[in-house]
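Trainee: Pasting upload_30.tsv here (TSV, C-alpha atoms):
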chain	number	residue	atom	x	y	z
X	23	MET	CA	127.57	49.95	56.28
X	24	SER	CA	129.87	52.52	57.82
X	25	GLU	CA	130.52	52.26	61.54
X	26	THR	CA	130.34	56.04	62.04
X	27	THR	CA	128.21	58.93	60.82
X	28	ALA	CA	129.35	60.80	57.72
X	29	HIS	CA	130.01	64.25	59.21
X	30	LEU	CA	130.66	64.01	62.94
X	31	ALA	CA	132.07	60.47	62.98
X	32	LEU	CA	129.68	59.44	65.74
X	33	PRO	CA	129.80	55.66	66.28
X	34	PHE	CA	126.76	53.61	65.32
X	35	ILE	CA	125.39	50.86	67.54
X	36	MET	CA	125.77	47.75	65.40
X	37	ALA	CA	123.36	44.83	65.20
X	38	ALA	CA	123.82	42.24	67.95
X	39	GLN	CA	126.54	44.38	69.51
X	40	ALA	CA	127.47	43.70	73.12
X	41	GLN	CA	127.98	46.57	75.56
X	42	LYS	CA	125.79	48.88	73.45
X	43	HIS	CA	125.89	51.53	76.15
X	44	VAL	CA	129.65	52.02	75.52
X	45	THR	CA	129.08	53.04	71.89
X	46	HIS	CA	126.08	55.14	72.81
X	47	ASN	CA	127.98	56.99	75.55
X	48	GLU	CA	130.93	57.59	73.20
X	49	ALA	CA	128.58	59.25	70.71
X	50	LEU	CA	127.09	61.43	73.46
X	51	ARG	CA	130.59	62.37	74.62
X	52	LEU	CA	131.54	63.48	71.10
X	53	LEU	CA	128.33	65.44	70.65
X	54	ASP	CA	128.90	67.18	73.98
X	55	GLY	CA	132.37	68.22	72.80
X	56	ILE	CA	131.35	69.38	69.34
X	57	VAL	CA	127.86	70.93	69.52
X	58	GLN	CA	127.74	74.64	70.46
X	59	LEU	CA	131.54	74.63	70.34
X	60	SER	CA	133.26	77.09	72.66
X	61	VAL	CA	137.01	76.99	73.37
X	62	LEU	CA	138.80	78.80	76.16
X	63	ASP	CA	141.94	79.70	74.22
X	64	ARG	CA	143.73	79.07	70.91
X	65	ASP	CA	147.20	80.41	71.71
X	66	LEU	CA	148.55	77.62	73.93
X	67	THR	CA	151.04	75.04	72.65
X	68	VAL	CA	150.95	72.82	75.75
X	69	PRO	CA	147.96	71.74	77.86
X	70	PRO	CA	147.06	73.81	80.95
X	71	GLY	CA	148.05	72.35	84.28
X	72	SER	CA	144.62	71.82	85.85
X	73	PRO	CA	141.87	71.59	83.23
X	74	ALA	CA	138.25	71.28	84.30
X	75	GLU	CA	135.98	68.56	82.98
X	76	GLY	CA	134.69	69.58	79.56
X	77	ASP	CA	137.32	72.27	78.89
X	78	ARG	CA	138.14	72.72	75.21
X	79	TYR	CA	141.09	74.41	73.50
X	80	ILE	CA	142.46	74.83	69.99
X	81	PRO	CA	146.19	73.99	70.26
X	82	ALA	CA	148.38	76.57	68.54
X	83	SER	CA	151.02	75.84	65.90
X	84	GLY	CA	153.90	73.86	67.38
X	85	ALA	CA	151.76	72.09	69.98
X	86	ALA	CA	153.75	69.76	72.25
X	87	GLY	CA	153.32	67.35	75.14
X	88	ALA	CA	149.92	65.68	75.21
X	89	TRP	CA	148.92	67.99	72.35
X	90	ALA	CA	151.83	67.11	70.06
X	91	GLY	CA	150.61	67.00	66.45
X	92	TRP	CA	147.25	68.48	67.42
X	93	ASP	CA	147.81	71.93	65.84
X	94	ASP	CA	144.46	73.60	65.02
X	95	SER	CA	142.42	70.59	66.15
X	96	ILE	CA	140.13	70.66	69.19
X	97	ALA	CA	141.58	69.42	72.48
X	98	TYR	CA	138.77	68.23	74.75
X	99	TRP	CA	139.40	67.30	78.40
X	100	ILE	CA	136.99	64.51	79.29
X	101	ASP	CA	137.10	61.68	81.83
X	102	GLY	CA	140.60	62.67	82.96
X	103	ALA	CA	142.24	62.65	79.52
X	104	TRP	CA	142.61	64.79	76.41
X	105	MET	CA	140.53	63.81	73.39
X	106	LYS	CA	141.48	65.06	69.93
X	107	ILE	CA	138.62	66.17	67.67
X	108	LEU	CA	139.37	67.07	64.06
X	109	PRO	CA	137.28	69.99	62.74
X	110	ALA	CA	135.66	69.95	59.31
X	111	PRO	CA	135.43	72.99	57.00
X	112	GLY	CA	132.68	75.30	58.15
X	113	TRP	CA	132.82	74.45	61.85
X	114	LEU	CA	132.30	77.46	64.09
X	115	ALA	CA	133.81	78.04	67.51
X	116	TRP	CA	133.49	80.82	70.09
X	117	VAL	CA	136.88	81.78	71.57
X	118	VAL	CA	136.23	82.88	75.15
X	119	ASP	CA	139.42	84.87	75.80
X	120	GLU	CA	139.04	86.76	72.49
X	121	ALA	CA	135.26	87.21	72.65
X	122	GLN	CA	134.91	86.39	68.97
X	123	ALA	CA	133.62	83.64	66.69
X	124	ILE	CA	135.99	81.85	64.33
X	125	VAL	CA	135.47	79.40	61.48
X	126	TRP	CA	137.63	76.51	60.20
X	127	THR	CA	138.31	76.89	56.47
X	128	GLY	CA	140.00	73.53	56.09
X	129	SER	CA	143.46	75.04	56.55
X	130	ALA	CA	143.10	77.76	59.20
X	131	TRP	CA	140.81	79.20	61.85
X	132	ILE	CA	139.83	82.74	60.86
X	133	PRO	CA	137.41	85.26	62.40
X	134	VAL	CA	133.87	84.86	61.13
X	135	ALA	CA	133.83	88.60	60.40
X	136	ASN	CA	136.69	88.10	57.92
X	137	ALA	CA	135.26	84.95	56.40
X	138	MET	CA	131.88	86.57	55.77
X	139	GLY	CA	133.26	89.94	54.72
X	140	PHE	CA	131.65	91.70	57.66
X	141	ILE	CA	132.93	95.07	58.81
X	142	ALA	CA	133.66	94.79	62.51
X	143	GLN	CA	133.17	97.72	64.85
X	144	SER	CA	136.59	98.50	66.23
X	145	ALA	CA	139.12	101.32	66.30
X	146	SER	CA	140.61	100.29	62.94
X	147	VAL	CA	139.07	98.03	60.30
X	148	ALA	CA	139.89	97.03	56.72
X	149	VAL	CA	136.91	97.61	54.44
X	150	ALA	CA	138.63	96.22	51.35
X	151	ARG	CA	141.39	93.60	51.01
X	152	GLY	CA	143.24	92.47	47.89
X	153	ALA	CA	144.51	89.01	47.01
X	154	ASN	CA	147.94	89.87	48.48
X	155	ASN	CA	146.54	91.56	51.59
X	156	ALA	CA	146.70	95.16	50.39
X	157	THR	CA	144.02	96.99	52.37
X	158	THR	CA	141.95	100.13	52.44
X	159	GLY	CA	140.72	100.88	55.92
X	160	ILE	CA	138.97	103.35	58.13
X	161	ALA	CA	139.96	104.20	61.68
X	162	VAL	CA	139.37	106.45	64.66
X	163	ALA	CA	141.78	107.33	67.47
X	164	GLU	CA	140.55	108.92	70.71
X	165	GLU	CA	142.23	110.64	73.64
X	166	LEU	CA	141.10	112.45	76.78
X	167	LEU	CA	143.14	115.62	77.29
X	168	SER	CA	142.75	116.57	80.95
X	169	GLY	CA	144.25	119.26	83.16
X	170	LEU	CA	144.65	121.76	80.33
X	171	SER	CA	147.22	124.45	81.07
X	172	GLY	CA	149.27	127.00	79.17
X	173	ALA	CA	148.75	128.50	75.75
X	174	THR	CA	148.52	125.21	73.88
X	175	ARG	CA	148.08	121.48	74.50
X	176	ALA	CA	149.26	118.79	72.08
X	177	SER	CA	147.78	115.30	71.95
X	178	SER	CA	149.68	112.08	72.54
X	179	ILE	CA	147.77	110.37	69.74
X	180	VAL	CA	148.84	111.41	66.27
X	181	ILE	CA	147.54	111.48	62.75
X	182	PRO	CA	149.44	108.50	61.31
X	183	ASP	CA	151.96	108.84	58.50
X	184	ARG	CA	150.40	108.07	55.08
X	185	SER	CA	146.85	108.39	56.33
X	186	ILE	CA	144.04	110.45	54.85
X	187	VAL	CA	142.23	112.54	57.45
X	188	LEU	CA	138.50	113.20	57.20
X	189	GLY	CA	138.25	115.32	60.33
X	190	VAL	CA	138.88	115.73	64.03
X	191	SER	CA	136.01	115.97	66.50
X	192	CYS	CA	136.08	117.13	70.11
X	193	ARG	CA	133.88	117.49	73.18
X	194	VAL	CA	134.42	119.47	76.38
X	195	VAL	CA	134.08	117.00	79.26
X	196	THR	CA	134.82	119.39	82.13
X	197	ALA	CA	134.59	123.15	81.71
X	198	ILE	CA	137.67	124.88	80.34
X	199	THR	CA	138.97	127.74	82.47
X	200	GLY	CA	141.35	130.59	81.70
X	201	ALA	CA	140.43	130.81	78.01
X	202	ALA	CA	137.39	132.41	76.42
X	203	SER	CA	137.42	129.84	73.59
X	204	PHE	CA	139.84	127.47	71.91
X	205	ASP	CA	140.92	126.29	68.50
X	206	CYS	CA	141.49	122.70	67.37
X	207	GLY	CA	144.13	122.09	64.73
X	208	ILE	CA	147.77	121.24	64.15
X	209	ALA	CA	151.02	123.19	64.35
X	210	GLY	CA	150.91	125.94	61.75
X	211	GLU	CA	147.14	125.54	61.22
X	212	THR	CA	145.74	126.06	64.69
X	213	SER	CA	142.05	126.15	63.66
X	214	LYS	CA	142.20	123.52	60.91
X	215	PHE	CA	139.48	121.46	62.64
X	216	GLY	CA	137.56	124.29	64.29
X	217	GLY	CA	138.06	127.80	65.67
X	218	SER	CA	136.65	129.77	68.59
X	219	LEU	CA	135.09	126.65	70.09
X	220	GLY	CA	132.97	126.74	73.26
X	221	VAL	CA	134.49	126.09	76.69
X	222	ALA	CA	131.35	124.97	78.56
X	223	VAL	CA	130.71	121.34	79.49
X	224	GLY	CA	129.14	119.48	76.56
X	225	SER	CA	130.38	121.89	73.91
X	226	SER	CA	131.34	119.84	70.87
X	227	ASN	CA	132.55	120.25	67.32
X	228	ILE	CA	132.89	117.94	64.33
X	229	GLY	CA	135.75	119.46	62.38
X	230	VAL	CA	135.41	117.86	58.96
X	231	ILE	CA	137.82	118.78	56.18
X	232	GLY	CA	138.33	117.80	52.58
X	233	PRO	CA	140.18	114.45	52.73
X	234	THR	CA	143.79	115.43	53.41
X	235	ALA	CA	146.89	113.21	53.21
X	236	PHE	CA	149.52	113.43	55.95
X	237	TYR	CA	153.11	112.34	55.37
X	238	ALA	CA	154.41	112.41	58.95
X	239	PRO	CA	152.96	111.55	62.38
X	240	THR	CA	151.13	114.72	63.41
X	241	PRO	CA	149.66	115.50	66.86
X	242	ILE	CA	146.47	117.49	67.36
X	243	ARG	CA	146.91	120.87	69.05
X	244	LEU	CA	144.40	122.78	71.16
X	245	THR	CA	145.11	126.52	71.32
X	246	ALA	CA	143.63	128.84	73.96
X	247	ASN	CA	142.01	132.12	72.90
X	248	GLY	CA	141.67	135.19	75.18
X	249	GLY	CA	144.05	133.82	77.81
X	250	SER	CA	145.90	130.61	78.67
X	251	PHE	CA	144.31	127.36	79.76
X	252	THR	CA	144.13	126.95	83.55
X	253	GLY	CA	141.95	123.83	83.63
X	254	GLY	CA	139.45	121.69	81.81
X	255	THR	CA	139.16	118.40	79.96
X	256	VAL	CA	138.53	117.79	76.25
X	257	ARG	CA	138.03	114.47	74.48
X	258	ILE	CA	139.27	114.42	70.90
X	259	ALA	CA	138.89	111.90	68.07
X	260	ILE	CA	140.85	111.66	64.82
X	261	HIS	CA	138.84	110.22	61.91
X	262	TYR	CA	140.96	108.90	59.03
X	263	LEU	CA	141.47	106.41	56.19
X	264	THR	CA	144.37	103.96	56.02
X	265	CYS	CA	146.19	102.28	53.13
X	266	GLY	CA	148.05	98.97	53.65
X	267	ALA	CA	150.67	97.80	51.14
X	268	PRO	CA	150.43	94.29	49.63
X	269	ALA	CA	152.49	91.48	51.12
Write out the structure in this file as structure tokens.
Mentor:
Amino acid sequence: MSETTAHLALPFIMAAQAQKHVTHNEALRLLDGIVQLSVLDRDLTVPPGSPAEGDRYIPASGAAGAWAGWDDSIAYWIDGAWMKILPAPGWLAWVVDEAQAIVWTGSAWIPVANAMGFIAQSASVAVARGANNATTGIAVAEELLSGLSGATRASSIVIPDRSIVLGVSCRVVTAITGAASFDCGIAGETSKFGGSLGVAVGSSNIGVIGPTAFYAPTPIRLTANGGSFTGGTVRIAIHYLTCGAPA
């Protein structure tokens, strides 16, 4: 008969064993470290200076000191010492400082969203990925353009090189003054994403276009109509597709 359980390696209490409470407590200690696994960080290569009882980490590649040789295992601070716990394929862990769940594949910890093929909600995501990491993605970039002044205002965010734009949307956050209306576009095509747009608070426009490829970083330009901008705030968003080359 094995002395430990098949999956979690919890020690059995053996027949006629003395000090049975030691084995039992060791099993409880392991369960407490493994079940509902949550680690504080997975980027450290050396232990933190003042860990709290029960703290858990995933030592990063090149771990040293008390964690030497513990790369990608679980480092568990218990009873004043570090305990090494080896994960098995399929183990899940919540990483506190990243606010995301990860899974051990047997060779690496990867985000659960990637492992399951989920599409995460973020500013830029890959919706398809090839065997050599070529990707097709979708993204949105936002900026708040405040204190409008002059005839035009260019954005700091840009349409990325080699992206395919679906549209640019905008919303007036504080009323625009000095202009009767405004256009949203790019240099040379000032109303590409909308013309004669409203200046009142809450005015919005979704400037969709036929998917258009851009071959250089290109800022968005707001152009005043009927006078120059003397104030106001507009939030803009660029909606586009991305293509990532294979490794």
Trainee: Give the answer as one residue: which of X:Ser177, X:Thr255, X:Asn136, X:Ser171 has the shortest atom-to-atom distance to Arg193 of chain X, using only C-alpha atoms?
Mentor: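 Comparing X:Ser177, X:Thr255, X:Asn136, X:Ser171 against Arg193 of chain X, the winner is X:Thr255.
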Trainee: What is the atom CA of Leu66 of chain X to atom CA of Trp89 of chain X distance in Å?
Mentor: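 Pair atom CA of Leu66 of chain X / atom CA of Trp89 of chain X returns 9.8 Å.
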Trainee: Please, what distance in Å, to one decimal, runs between atom CA of Glu25 of chain X and atom CA of Trp131 of chain X?
Mentor: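 One can read the atom CA of Glu25 of chain X to atom CA of Trp131 of chain X distance as 28.8 Å.
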Trainee: Residues at most 7 Å from segment 223-236 of chain X, counting all atoms listed in the file, excluding those fewer than 5 positions away in the same chain, as a list in words?
Mentor: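 Contacts, in chain order: Asp183, Arg184, Ser185, Ile186, Val187, Leu188, Gly189, Val190, Ser191, Cys192, Arg193, Val194, Val195, Thr196, Ala197, Phe215 and Gly216 of chain X.
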Trainee: Mind pulling up the distance from atom CA of Ala222 of chain X to atom CA of Arg175 of chain X?
Mentor: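 These atoms are spaced 17.6 Å apart.
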Trainee: Env of Asp77 of chain X: 9 Å cut, atoms = only C-alpha atoms, seq-sep filter 6 positions within chain, self excluded. Answer as a ChimeraX atom specification.
Mentor: /X:55,60-62,97-100
Trainee: Here's a test: counting all atoms listed in the file, identify every protein, DNA and RNA residue with an atom at most 12 Å from (142.1, 126.4, 64.7) in the file's coordinate frame, and state them as a VMD selection string.
Mentor: chain X and resid 174 190 203 to 219 227 229 242 to 247
Trainee: Which polymer residues have any atom within 12 Å of an atom of Met138 of chain X, counting only C-alpha atoms, with same-chain residues fewer than 2 positions away left out, as number ranges by chain?
Mentor: X: 112, 123-125, 127, 132-136, 140-142
Trainee: Out of X:Trp116, X:Thr67, X:Arg257, X:Cys265, which residue has the shortest atom-to-atom distance to Asp93 of chain X when counting only C-alpha atoms?
Mentor: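 Answer, going by the shortest atom-to-atom distance: X:Thr67.
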Trainee: For each of X:Val68, X:Leu59, X:Ile179, X:Val221, take the minimum atom-to-atom distance to Ala85 of chain X, counting only C-alpha atoms, then give the residue where this is smallest.
Mentor: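 Distance minimum relative to Ala85 of chain X lands on X:Val68.
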Trainee: Please, what is the axis-aligned box for every listed atom of segment 186-193 of chain X with 6 Å on each side, as centre and edge lengths in Å to one decimal, as JSON?
Mentor:
{"center_x": 139.0, "center_y": 114.0, "center_z": 64.0, "size_x": 22.2, "size_y": 19.0, "size_z": 30.3}
Trainee: With distances taken over all atoms listed in the file, which residue among X:Pro81, X:Gly91, X:Gly172, X:Gly159 lies nearest Ser250 of chain X?
Mentor: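 Using all atoms listed in the file, Ser250 of chain X sits closest to X:Gly172.
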Trainee: Of the candidates X:Gln122, X:Ser144, X:Gly84, X:Asn155, which one gets nearest to Ala269 of chain X if we count all atoms listed in the file?
Mentor: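 Counting all atoms listed in the file, the residue closest to Ala269 of chain X is X:Asn155.
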Trainee: Need to verify the contact set: Ser168 of chain X, 8 Å, all atoms listed in the file, exclusion of same-chain residues closer than 3 positions in sequence. Can you return it as a CSV table (one decimal) with C-alpha atoms, keeping the file's coordinate frame?
Mentor:
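To be explicit, this is the file written out as selection-v2.csv:
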chain,number,residue,atom,x,y,z
X,253,GLY,CA,142.0,123.8,83.6
X,254,GLY,CA,139.4,121.7,81.8
X,255,THR,CA,139.2,118.4,80.0
X,256,VAL,CA,138.5,117.8,76.2
Trainee: Taking into account only C-alpha atoms, which residue in the set X:Pro109, X:Gly152, X:Gly102, X:Pro70 is nearest to Gly266 of chain X?
Mentor: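 Smallest separation from Gly266 of chain X among the options: X:Gly152.
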